[in-house]
>>> print(open('protein_32.txt').read())   # compact mmCIF, C-alpha atoms
# COMPACT_ATOMS: atom_id res chain seq x y z
CA MET A 136 -25.21 35.21 2.05
CA ASP A 137 -25.51 33.88 -1.47
CA LEU A 138 -22.77 32.54 -3.71
CA ASP A 139 -22.21 35.88 -5.46
CA GLU A 140 -21.67 37.54 -2.10
CA MET A 141 -19.33 34.73 -1.14
CA LYS A 142 -17.34 35.28 -4.29
CA LEU A 143 -17.22 39.01 -3.67
CA ALA A 144 -16.00 38.60 -0.08
CA TRP A 145 -13.44 36.08 -1.26
CA SER A 146 -12.22 38.37 -4.00
CA LYS A 147 -11.85 41.26 -1.53
CA MET A 148 -9.85 39.03 0.77
CA SER A 149 -7.66 37.95 -2.14
CA ASP A 150 -6.99 41.58 -3.06
CA GLN A 151 -5.89 42.32 0.48
CA LEU A 152 -3.69 39.24 0.56
CA ASP A 153 -2.04 40.12 -2.72
CA LYS A 154 -0.93 43.41 -1.25
CA GLN A 155 0.90 41.61 1.49
CA LYS A 156 4.02 39.56 1.24
CA LYS A 157 4.03 37.80 4.53
CA LEU A 158 6.04 34.71 3.82
CA THR A 159 8.29 34.89 6.82
CA SER A 160 11.96 34.22 6.77
CA ASP A 161 11.08 31.70 9.48
CA ILE A 162 9.77 29.26 6.89
CA ILE A 163 12.84 29.60 4.69
CA LEU A 164 14.91 29.22 7.81
CA ARG A 165 13.02 26.03 8.66
CA MET A 166 13.64 24.70 5.18
CA THR A 167 17.35 25.35 5.57
CA GLN A 168 17.41 23.91 9.07
CA GLU A 169 15.53 20.81 7.93
CA LYS A 170 17.98 20.23 5.11
CA SER A 171 21.06 20.85 7.23
CA THR A 172 19.88 18.88 10.27
CA SER A 173 18.94 15.85 8.20
CA ARG A 174 22.55 15.70 6.95
CA LEU A 175 24.00 16.51 10.35
CA ARG A 176 21.76 13.85 11.87
CA ARG A 177 23.42 11.28 9.62
CA ILE A 178 26.82 12.32 10.93
CA ILE A 179 25.56 12.26 14.53
CA LEU A 180 24.03 8.81 13.96
CA MET A 181 27.24 7.48 12.43
CA GLU A 182 29.35 8.95 15.26
CA SER A 183 26.97 7.67 17.95
CA PHE A 184 27.14 4.20 16.46
CA GLY A 185 30.93 4.49 16.37
CA VAL A 186 31.11 5.64 20.00
CA ILE A 187 28.87 2.79 21.18
CA MET A 188 30.83 0.15 19.26
CA THR A 189 34.18 1.57 20.38
CA THR A 190 33.00 1.62 24.01
CA ILE A 191 31.91 -2.02 23.75
CA VAL A 192 35.31 -3.00 22.30
CA LEU A 193 37.07 -0.99 25.00
CA LEU A 194 35.12 -2.80 27.72
CA ILE A 195 35.93 -6.17 26.14
CA VAL A 196 39.64 -5.29 26.07
CA VAL A 197 39.58 -4.12 29.71
CA ALA A 198 37.69 -7.25 30.81
CA ASN A 199 40.17 -9.56 29.06
CA PHE A 200 43.34 -7.64 29.75
CA ASN A 201 44.64 -10.28 32.19
CA ARG A 202 44.77 -12.79 29.33
CA LEU A 203 47.64 -10.89 27.69
CA GLU A 204 50.84 -12.76 28.34
CA ASN A 205 53.96 -11.22 26.80
CA TRP A 206 55.32 -7.69 26.31
CA ALA A 207 54.04 -7.49 22.70
CA GLU A 208 50.47 -8.31 23.71
CA VAL A 209 50.51 -5.97 26.72
CA THR A 210 51.96 -3.13 24.60
CA GLY A 211 49.29 -3.86 21.98
CA GLY A 212 46.62 -3.82 24.69
CA ILE A 213 47.75 -0.49 26.14
CA GLY A 214 48.11 1.04 22.66
CA THR A 215 44.65 -0.18 21.67
CA LEU A 216 43.08 1.14 24.86
CA LEU A 217 44.64 4.55 24.19
CA ILE A 218 43.40 4.55 20.59
CA LEU A 219 39.88 3.52 21.62
CA THR A 220 39.72 6.11 24.42
CA PHE A 221 40.94 8.76 22.00
CA ALA A 222 38.30 7.69 19.44
CA ILE A 223 35.50 7.84 22.03
CA ILE A 224 36.50 11.33 23.21
CA PHE A 225 36.74 12.56 19.61
CA GLY A 226 33.39 11.00 18.75
CA ILE A 227 31.63 12.60 21.71
CA ARG A 228 33.17 15.99 20.92
CA LEU A 229 32.03 15.74 17.32
CA ILE A 230 28.49 14.78 18.34
CA ARG A 231 28.27 17.66 20.79
CA GLN A 232 29.56 20.14 18.23
CA ALA A 233 27.16 18.86 15.56
CA GLN A 234 24.23 19.11 17.96
CA GLY A 235 25.13 22.74 18.64
CA ILE A 236 24.55 23.73 15.01
CA ASN A 237 21.03 25.07 15.07
CA LEU A 238 19.65 28.06 13.18
CA PHE A 239 16.73 28.37 15.59
CA LYS A 240 18.84 28.67 18.69
CA HIS A 241 21.55 30.92 17.27
CA SER A 242 21.96 33.68 14.75
CA PHE A 243 23.02 32.75 11.24
CA LYS A 244 26.51 34.11 11.88
CA GLU A 245 26.85 32.14 15.10
CA THR A 246 25.53 28.98 13.40
CA LEU A 247 28.00 29.41 10.58
CA ASN A 248 30.82 29.93 13.08
CA ARG A 249 29.80 26.74 14.87
CA PHE A 250 29.61 24.88 11.59
CA ASN A 251 33.05 26.13 10.57
CA ALA A 252 34.46 25.08 13.96
CA PHE A 253 32.84 21.67 13.46
CA THR A 254 34.35 21.18 10.00
CA LYS A 255 37.72 22.34 11.31
CA LEU A 256 37.54 19.77 14.10
CA LEU A 257 36.40 17.13 11.63
CA GLY A 258 39.35 17.95 9.36
CA PHE A 259 41.74 17.63 12.28
CA TYR A 260 40.21 14.28 13.30
CA LYS A 261 40.42 13.08 9.74
CA ARG A 262 44.17 13.73 9.63
CA ILE A 263 44.67 12.10 13.03
CA SER A 264 42.45 9.16 12.06
CA ILE A 265 44.55 8.41 9.00
CA ILE A 266 47.67 8.17 11.19
CA ILE A 267 45.87 6.16 13.89
CA ASN A 268 44.27 3.78 11.42
CA ALA A 269 47.62 3.19 9.80
CA ALA A 270 49.24 2.46 13.18
CA SER A 271 46.37 0.61 14.83
CA PRO A 272 47.01 -2.85 13.30
CA ILE A 273 50.47 -2.81 14.90
CA PHE A 274 48.81 -2.62 18.34
CA MET A 275 45.59 -4.46 17.63
CA PHE A 276 47.02 -7.63 16.09
CA PRO A 277 49.15 -8.70 19.07
CA LEU A 278 46.20 -7.87 21.31
CA ALA A 279 43.64 -9.78 19.22
CA PHE A 280 45.90 -12.79 18.77
CA GLY A 281 46.77 -12.82 22.48
CA MET A 282 43.20 -12.40 23.62
CA PHE A 283 41.24 -14.59 21.24
CA THR A 284 43.69 -17.19 19.86
CA ASP A 285 46.49 -19.42 21.11
CA ILE A 286 48.93 -18.00 18.56
CA ASP A 287 51.89 -16.17 20.03
CA LEU A 288 53.03 -13.60 17.48
CA LEU A 289 56.53 -13.52 18.94
CA GLU A 290 56.89 -17.21 18.14
CA ASP A 291 54.86 -17.23 14.91
CA PRO A 292 55.15 -13.80 13.25
CA THR A 293 53.81 -15.10 9.89
CA ALA A 294 50.23 -15.12 11.17
CA GLY A 295 50.56 -11.45 12.07
CA LEU A 296 52.07 -10.71 8.70
CA TYR A 297 48.99 -12.07 6.90
CA GLY A 298 46.83 -9.95 9.15
CA LEU A 299 48.88 -6.87 8.36
CA ILE A 300 48.60 -7.50 4.62
CA GLY A 301 44.82 -7.88 5.00
CA ALA A 302 44.66 -4.65 7.02
CA ALA A 303 46.74 -2.83 4.39
CA VAL A 304 43.98 -3.56 1.88
CA PHE A 305 40.96 -3.24 4.13
CA VAL A 306 41.78 -0.15 6.25
CA PRO A 307 42.36 2.33 3.35
CA LEU A 308 39.08 1.22 1.77
CA VAL A 309 37.11 1.74 4.98
CA LEU A 310 38.84 5.07 5.54
CA TYR A 311 38.02 6.17 2.00
CA LEU A 312 34.32 5.31 2.46
CA ILE A 313 34.15 7.10 5.82
CA ILE A 314 35.86 10.23 4.48
CA ARG A 315 33.56 10.25 1.45
CA PHE A 316 30.51 9.97 3.72
CA TYR A 317 31.62 12.96 5.82
CA LYS A 318 32.61 15.00 2.79
CA SER A 319 29.27 14.59 1.04
CA ASN A 320 27.22 15.38 4.15
CA ILE A 321 29.35 18.35 5.11
CA SER A 322 29.14 19.81 1.63
CA ALA A 323 25.32 19.35 1.66
CA VAL A 324 25.08 21.23 4.97
CA ARG A 325 27.37 23.96 3.65
CA SER A 326 25.33 24.31 0.47
CA SER A 327 22.08 24.68 2.44
CA PHE A 328 23.70 27.39 4.58
CA ASN A 329 24.91 29.14 1.44
CA ASP A 330 21.38 28.99 0.00
CA TYR A 331 20.07 30.55 3.17
CA LYS A 332 22.74 33.27 3.11
CA ASP A 333 21.81 34.10 -0.49
CA GLN A 334 18.21 34.73 0.55
CA PHE A 335 19.03 37.45 3.05
CA MET B 949 14.79 26.83 -11.60
CA SER B 950 17.08 28.22 -8.91
CA ARG B 951 16.18 28.42 -5.27
CA ASP B 952 15.93 32.22 -5.58
CA GLU B 953 13.34 31.89 -8.30
CA PHE B 954 11.45 29.31 -6.28
CA THR B 955 11.31 31.55 -3.21
CA GLN B 956 10.29 34.49 -5.33
CA LEU B 957 7.43 32.52 -6.89
CA ILE B 958 6.29 31.31 -3.47
CA LYS B 959 6.35 34.85 -2.18
CA GLU B 960 4.32 36.08 -5.14
CA ASN B 961 1.72 33.35 -4.68
CA GLU B 962 1.63 33.00 -0.93
CA GLY B 963 -2.01 34.11 -0.91
CA ILE B 964 -2.81 30.66 -2.32
CA LEU B 965 -1.12 28.99 0.63
CA PHE B 966 -2.86 31.24 3.10
CA LYS B 967 -6.26 30.53 1.60
CA VAL B 968 -5.73 26.76 1.42
CA SER B 969 -4.43 26.59 4.98
CA SER B 970 -7.28 28.73 6.29
CA ILE B 971 -9.85 26.45 4.65
CA TYR B 972 -8.37 23.16 5.80
CA ALA B 973 -7.08 23.99 9.27
CA ASP B 974 -9.25 25.25 12.09
CA ASP B 975 -6.90 26.85 14.54
CA THR B 976 -3.88 29.11 14.32
CA GLU B 977 -1.38 26.42 15.25
CA SER B 978 -2.69 23.92 12.69
CA ARG B 979 -2.75 26.63 10.05
CA LYS B 980 0.87 27.50 10.72
CA ASP B 981 1.79 23.80 10.58
CA LEU B 982 -0.08 23.27 7.35
CA TYR B 983 1.32 26.44 5.79
CA GLN B 984 4.81 25.30 6.59
CA GLU B 985 4.11 21.77 5.42
CA MET B 986 2.86 23.11 2.08
CA VAL B 987 5.96 25.25 1.57
CA LEU B 988 8.19 22.30 2.41
CA GLN B 989 6.24 20.04 0.09
CA LEU B 990 6.51 22.60 -2.73
CA TRP B 991 10.22 22.91 -2.03
CA ARG B 992 10.62 19.14 -2.22
CA SER B 993 8.47 18.82 -5.33
CA TYR B 994 9.64 21.78 -7.36
CA PRO B 995 12.49 19.91 -9.09
CA SER B 996 9.72 17.84 -10.73
CA PHE B 997 7.88 20.96 -11.97
CA LYS B 998 8.26 20.69 -15.73
CA GLY B 999 6.49 23.91 -16.66
CA ASP B 1000 3.71 22.04 -18.52
CA SER B 1001 1.13 23.94 -16.51
CA LYS B 1002 1.06 27.40 -14.97
CA TRP B 1003 3.06 27.77 -11.75
CA SER B 1004 -0.09 28.71 -9.84
CA THR B 1005 -1.92 25.61 -11.13
CA TRP B 1006 0.93 23.40 -10.02
CA MET B 1007 1.07 25.21 -6.69
CA TYR B 1008 -2.67 24.71 -6.09
CA ARG B 1009 -2.30 21.02 -6.89
CA ILE B 1010 0.57 20.45 -4.46
CA ALA B 1011 -0.93 22.69 -1.76
CA LEU B 1012 -4.35 21.03 -1.92
CA ASN B 1013 -2.89 17.52 -1.98
CA THR B 1014 -0.71 18.39 1.00
CA ALA B 1015 -3.65 19.94 2.85
CA ILE B 1016 -5.89 16.94 2.24
CA THR B 1017 -3.20 14.46 3.30
CA HIS B 1018 -1.99 16.57 6.21
CA MET B 1019 -5.45 17.13 7.63
CA ARG B 1020 -6.37 13.48 7.15
CA THR B 1021 -3.49 12.46 9.42
CA SER B 1022 -3.64 15.32 11.90
CA THR B 1023 -7.41 15.10 12.55
CA LYS B 1024 -6.95 11.49 13.63
CA HIS B 1025 -4.99 12.71 16.60
CA LYS B 1026 -6.60 15.95 17.65
CA VAL B 1027 -9.92 17.61 18.13
CA LEU B 1028 -10.05 20.83 16.14
CA ASP B 1029 -10.86 24.09 17.83
CA PRO B 1030 -13.85 26.02 16.61
CA LEU B 1031 -13.30 28.67 13.97
CA ASP B 1032 -11.57 31.68 15.37
CA HIS B 1033 -10.89 35.19 14.21
CA SER B 1034 -7.17 34.59 13.88
CA ILE B 1035 -7.79 33.25 10.36
CA PHE B 1036 -7.76 36.86 9.42
CA ASP B 1037 -4.48 37.72 11.09
CA LEU B 1038 -3.04 38.45 7.70
CA THR B 1039 -5.53 41.11 6.77
CA GLU B 1040 -4.06 44.37 7.90
CA GLN B 1041 -6.87 46.72 7.03
CA ASP B 1042 -9.57 47.30 9.59
CA ASN B 1043 -12.60 45.95 7.79
CA SER B 1044 -14.94 44.36 10.28
CA ASP B 1045 -17.77 44.00 7.74
CA LEU B 1046 -15.58 41.99 5.38
CA GLU B 1047 -14.24 39.99 8.30
CA GLU B 1048 -17.75 39.15 9.42
CA ARG B 1049 -18.71 38.01 5.96
CA LEU B 1050 -15.54 35.97 5.66
CA ILE B 1051 -16.29 34.24 8.96
CA MET B 1052 -19.73 33.33 7.64
CA LEU B 1053 -18.16 32.14 4.41
CA TYR B 1054 -15.62 29.99 6.21
CA GLU B 1055 -18.32 28.53 8.44
CA GLN B 1056 -20.17 27.38 5.34
CA ILE B 1057 -17.03 25.96 3.75
CA LYS B 1058 -16.09 24.07 6.93
CA THR B 1059 -19.22 21.96 6.54
CA LEU B 1060 -17.97 20.56 3.21
CA ASN B 1061 -15.83 17.48 2.82
CA ARG B 1062 -12.15 17.66 1.83
CA LEU B 1063 -12.62 17.41 -1.92
CA GLU B 1064 -15.59 19.79 -1.91
CA LYS B 1065 -13.48 22.29 -0.01
CA ALA B 1066 -10.84 22.13 -2.74
CA ILE B 1067 -13.44 22.59 -5.46
CA ILE B 1068 -15.21 25.51 -3.78
CA LEU B 1069 -11.86 27.19 -3.11
CA LEU B 1070 -10.97 26.99 -6.79
CA PHE B 1071 -14.48 28.08 -7.75
CA LEU B 1072 -14.20 31.13 -5.50
CA GLU B 1073 -10.81 31.81 -7.05
CA ASP B 1074 -12.68 32.11 -10.36
CA LYS B 1075 -10.92 29.14 -11.90
CA SER B 1076 -12.50 27.63 -14.98
CA HIS B 1077 -13.84 24.09 -14.92
CA ALA B 1078 -10.90 23.04 -17.07
CA GLU B 1079 -8.42 24.51 -14.58
CA ILE B 1080 -10.22 22.93 -11.62
CA SER B 1081 -10.11 19.64 -13.49
CA GLN B 1082 -6.38 20.03 -14.11
CA ILE B 1083 -5.71 20.77 -10.44
CA THR B 1084 -7.97 18.17 -8.83
CA GLY B 1085 -7.60 15.42 -11.41
CA LEU B 1086 -11.40 15.18 -11.87
CA THR B 1087 -12.93 15.27 -15.33
CA THR B 1088 -14.38 18.60 -16.48
CA SER B 1089 -17.93 17.25 -16.47
CA ASN B 1090 -17.44 15.82 -12.99
CA VAL B 1091 -16.22 19.22 -11.83
CA GLY B 1092 -19.40 20.81 -13.21
CA THR B 1093 -21.60 18.27 -11.48
CA ARG B 1094 -19.80 18.62 -8.18
CA ILE B 1095 -19.95 22.43 -8.29
CA SER B 1096 -23.71 22.27 -8.83
CA ARG B 1097 -24.05 19.89 -5.89
CA ILE B 1098 -21.92 22.10 -3.66
CA LYS B 1099 -23.92 25.15 -4.68
CA SER B 1100 -27.22 23.52 -3.75
CA LYS B 1101 -25.71 22.12 -0.55
CA LEU B 1102 -24.54 25.59 0.48
CA LYS B 1103 -27.82 27.17 -0.60
CA GLN B 1104 -29.72 24.76 1.63
CA LYS B 1105 -27.44 25.49 4.58
CA MET B 1106 -27.79 29.25 4.07
CA GLN B 1107 -31.55 28.99 4.09
CA HIS B 1108 -31.53 27.22 7.50
>>> encode(input="protein_32.txt", output="structure tokens")
Amino acid sequence: MDLDEMKLAWSKMSDQLDKQKKLTSDIILRMTQEKSTSRLRRIILMESFGVIMTTIVLLIVVANFNRLENWAEVTGGIGTLLILTFAIIFGIRLIRQAQGINLFKHSFKETLNRFNAFTKLLGFYKRISIIINAASPIFMFPLAFGMFTDIDLLEDPTAGLYGLIGAAVFVPLVLYLIIRFYKSNISAVRSSFNDYKDQF
Amino acid sequence: MSRDEFTQLIKENEGILFKVSSIYADDTESRKDLYQEMVLQLWRSYPSFKGDSKWSTWMYRIALNTAITHMRTSTKHKVLDPLDHSIFDLTEQDNSDLEERLIMLYEQIKTLNRLEKAIILLFLEDKSHAEISQITGLTTSNVGTRISRIKSKLKQKMQH
């Protein structure tokens, strides 16, 4: 087989290939899935980190609960434990829902339904989180002061007041950053799904 | 360029991807991987496509670079299967003579190194030396020299 024959065989193959349009939707689907999962993975990573940290804090609170001395500290401890438990359950639910969004395992419609359910849940958690984060310093300060310092907030409320002022500045900022993180990732996932929908 | 346009252009030129993947990968699974990797790489790179060159030239460049890099990393970890007939899965017409000749052709190409494979592919595609130079980054005279070397290399192999 000489080079001219090679070229001829190659050209015939090219002609046959040109008649076929075999780029499968599978590859486009993979592109979409890659884009969406990379953003969802960020959310899962963030939530997993949150769940681990919250669990650690919860265990610390449980282990040191006997150090709480007055009604304010005990109320703060119980309130904090409830908030942390609630946060862990929400975090796990979010992770599980995010992991269930997969174009390979489900149809596009089903995936979109799962994604919509996920964003709905996320929206609900966001609203709840704002309320909880606003209320949490009220429970957490007596607990933290009772557990880790010798200051009794019932006797010296000024220390708690400084803490509350600090929290009033710090908490909205953290909340804003978290909400912005979720918003940008969710909108990226939504846009990749929309791209996919436009293709078919 | 919108995503629709991108997909359309990929669809129109997917023969390029098929040919590159069939030259650089030896078994069906690797070919599928490489094909997918090339599409993803094109998808990632297309925002940087300025339109200075033809779309197909740009596509060859990205596809060949991806293939060379991809095969460099994947061959470190696996032993490639011998050439099989599934290369020609895409050809729908029953043409055993052509298939036989293509197998022979691929066997010859497989003996070349990565850069030579890219050059012979572009040569078989009837690209000019200038176009091959644009795609591979070699100078035009270097392309000419390398093509001559490949030709004599293949000629020698065919005689044995």
>>> closest_residue(input="protein_32.txt", among="B:Ser1076, B:Gln984, B:Thr1088, B:Ser996", to="chain A", atoms="all atoms listed in the file")
B:Gln984
>>> closest_atom_pairs(input="protein_32.txt", of="chain B", to="chain A", cutoff="9 Å", atoms="all atoms listed in the file", output="tab-separated table")
residue	atom	partner	partner_atom	distance
B:Arg951	CA	A:Asp330	CA	7.4
B:Asp952	CA	A:Gln334	CA	7.0
B:Thr955	CA	A:Ile163	CA	8.3
B:Ile958	CA	A:Leu158	CA	8.0
B:Lys959	CA	A:Leu158	CA	6.0
B:Glu960	CA	A:Lys156	CA	7.3
B:Asn961	CA	A:Asp153	CA	8.0
B:Glu962	CA	A:Leu158	CA	6.7
B:Gly963	CA	A:Leu152	CA	5.6
B:Ile964	CA	A:Ser149	CA	8.8
B:Phe966	CA	A:Leu152	CA	8.4
B:Lys967	CA	A:Ser149	CA	8.4
B:Tyr983	CA	A:Ile162	CA	9.0
B:Gln984	CA	A:Ile162	CA	6.4
B:Val987	CA	A:Ile162	CA	7.7
B:Leu988	CA	A:Met166	CA	6.6
B:Trp991	CA	A:Met166	CA	8.2
B:Leu1038	CA	A:Leu152	CA	7.2
B:Thr1039	CA	A:Gln151	CA	6.4
B:Glu1040	CA	A:Gln151	CA	7.9
B:Gln1041	CA	A:Gln151	CA	8.0
B:Leu1046	CA	A:Ala144	CA	6.4
B:Glu1047	CA	A:Ala144	CA	8.7
B:Arg1049	CA	A:Ala144	CA	6.6
B:Leu1050	CA	A:Ala144	CA	6.3
B:Met1052	CA	A:Met136	CA	8.1
B:Leu1053	CA	A:Met141	CA	6.2
B:Phe1071	CA	A:Lys142	CA	8.5
B:Leu1072	CA	A:Lys142	CA	5.3
B:Glu1073	CA	A:Ser146	CA	7.4
B:Asp1074	CA	A:Lys142	CA	8.3
B:Lys1099	CA	A:Leu138	CA	7.5
B:Leu1102	CA	A:Leu138	CA	8.3
B:Lys1103	CA	A:Asp137	CA	7.1
B:Met1106	CA	A:Met136	CA	6.8
>>> atom_distance(input="protein_32.txt", atom1="atom CA of B:Ser978", atom2="atom CA of B:Leu1063")
18.8 Å
>>> atom_distance(input="protein_32.txt", atom1="atom CA of A:Phe221", atom2="atom CA of A:Arg202")
23.1 Å
>>> residues_around(input="protein_32.txt", residues="stretch 274-290 of chain A", least_positions_apart="4", cutoff="9 Å", atoms="only C-alpha atoms", output="PyMOL selection string")
chain A and resi 196+199-205+207-215+270+294-295+298-299
>>> write_last_selection(input="protein_32.txt", atoms="C-alpha atoms", output="JSON list (two decimals), in the frame of the given file")
[["chain", "number", "residue", "atom", "x", "y", "z"],
["A", 196, "VAL", "CA", 39.64, -5.29, 26.07],
["A", 199, "ASN", "CA", 40.17, -9.56, 29.06],
["A", 200, "PHE", "CA", 43.34, -7.64, 29.75],
["A", 201, "ASN", "CA", 44.64, -10.28, 32.19],
["A", 202, "ARG", "CA", 44.77, -12.79, 29.33],
["A", 203, "LEU", "CA", 47.64, -10.89, 27.69],
["A", 204, "GLU", "CA", 50.84, -12.76, 28.34],
["A", 205, "ASN", "CA", 53.96, -11.22, 26.80],
["A", 207, "ALA", "CA", 54.04, -7.49, 22.70],
["A", 208, "GLU", "CA", 50.47, -8.31, 23.71],
["A", 209, "VAL", "CA", 50.51, -5.97, 26.72],
["A", 210, "THR", "CA", 51.96, -3.13, 24.60],
["A", 211, "GLY", "CA", 49.29, -3.86, 21.98],
["A", 212, "GLY", "CA", 46.62, -3.82, 24.69],
["A", 213, "ILE", "CA", 47.75, -0.49, 26.14],
["A", 214, "GLY", "CA", 48.11, 1.04, 22.66],
["A", 215, "THR", "CA", 44.65, -0.18, 21.67],
["A", 270, "ALA", "CA", 49.24, 2.46, 13.18],
["A", 294, "ALA", "CA", 50.23, -15.12, 11.17],
["A", 295, "GLY", "CA", 50.56, -11.45, 12.07],
["A", 298, "GLY", "CA", 46.83, -9.95, 9.15],
["A", 299, "LEU", "CA", 48.88, -6.87, 8.36]]
>>> atom_distance(input="protein_32.txt", atom1="atom CA of B:Ile1080", atom2="atom CA of B:Gly1092")
9.6 Å
>>> residues_around(input="protein_32.txt", residues="A:Ile267", least_positions_apart="3", cutoff="12 Å", atoms="all atoms listed in the file", output="ChimeraX atom specification")
/A:214-215,217-219,221-222,260-264,270-275,306-307,310
>>> residues_around(input="protein_32.txt", residues="A:Leu257", least_positions_apart="2", cutoff="12 Å", atoms="all atoms listed in the file", output="PyMOL selection string")
chain A and resi 178+182+225-226+228-230+232-233+250-255+259-264+313-314+317-318+320-321
>>> residues_around(input="protein_32.txt", residues="B:Ile1095", least_positions_apart="2", cutoff="9 Å", atoms="only C-alpha atoms", output="number ranges by chain")
B: 1064, 1067-1068, 1071, 1090-1093, 1097-1100
>>> residues_around(input="protein_32.txt", residues="B:Glu1079", least_positions_apart="3", cutoff="9 Å", atoms="all atoms listed in the file", output="mmCIF file with C-alpha atoms, in the frame of the given file")
data_model
loop_
_atom_site.group_PDB
_atom_site.id
_atom_site.type_symbol
_atom_site.label_atom_id
_atom_site.label_comp_id
_atom_site.auth_asym_id
_atom_site.auth_seq_id
_atom_site.Cartn_x
_atom_site.Cartn_y
_atom_site.Cartn_z
ATOM 1 C CA THR B 1005 -1.920 25.610 -11.130
ATOM 2 C CA LEU B 1070 -10.970 26.990 -6.790
ATOM 3 C CA LYS B 1075 -10.920 29.140 -11.900
ATOM 4 C CA SER B 1076 -12.500 27.630 -14.980
ATOM 5 C CA GLN B 1082 -6.380 20.030 -14.110
ATOM 6 C CA ILE B 1083 -5.710 20.770 -10.440
ATOM 7 C CA THR B 1084 -7.970 18.170 -8.830
ATOM 8 C CA THR B 1088 -14.380 18.600 -16.480
#
>>> closest_residue(input="protein_32.txt", among="B:Lys1101, B:Arg1094, B:Lys1065, B:Arg1009", to="B:Ser993", atoms="all atoms listed in the file")
B:Arg1009
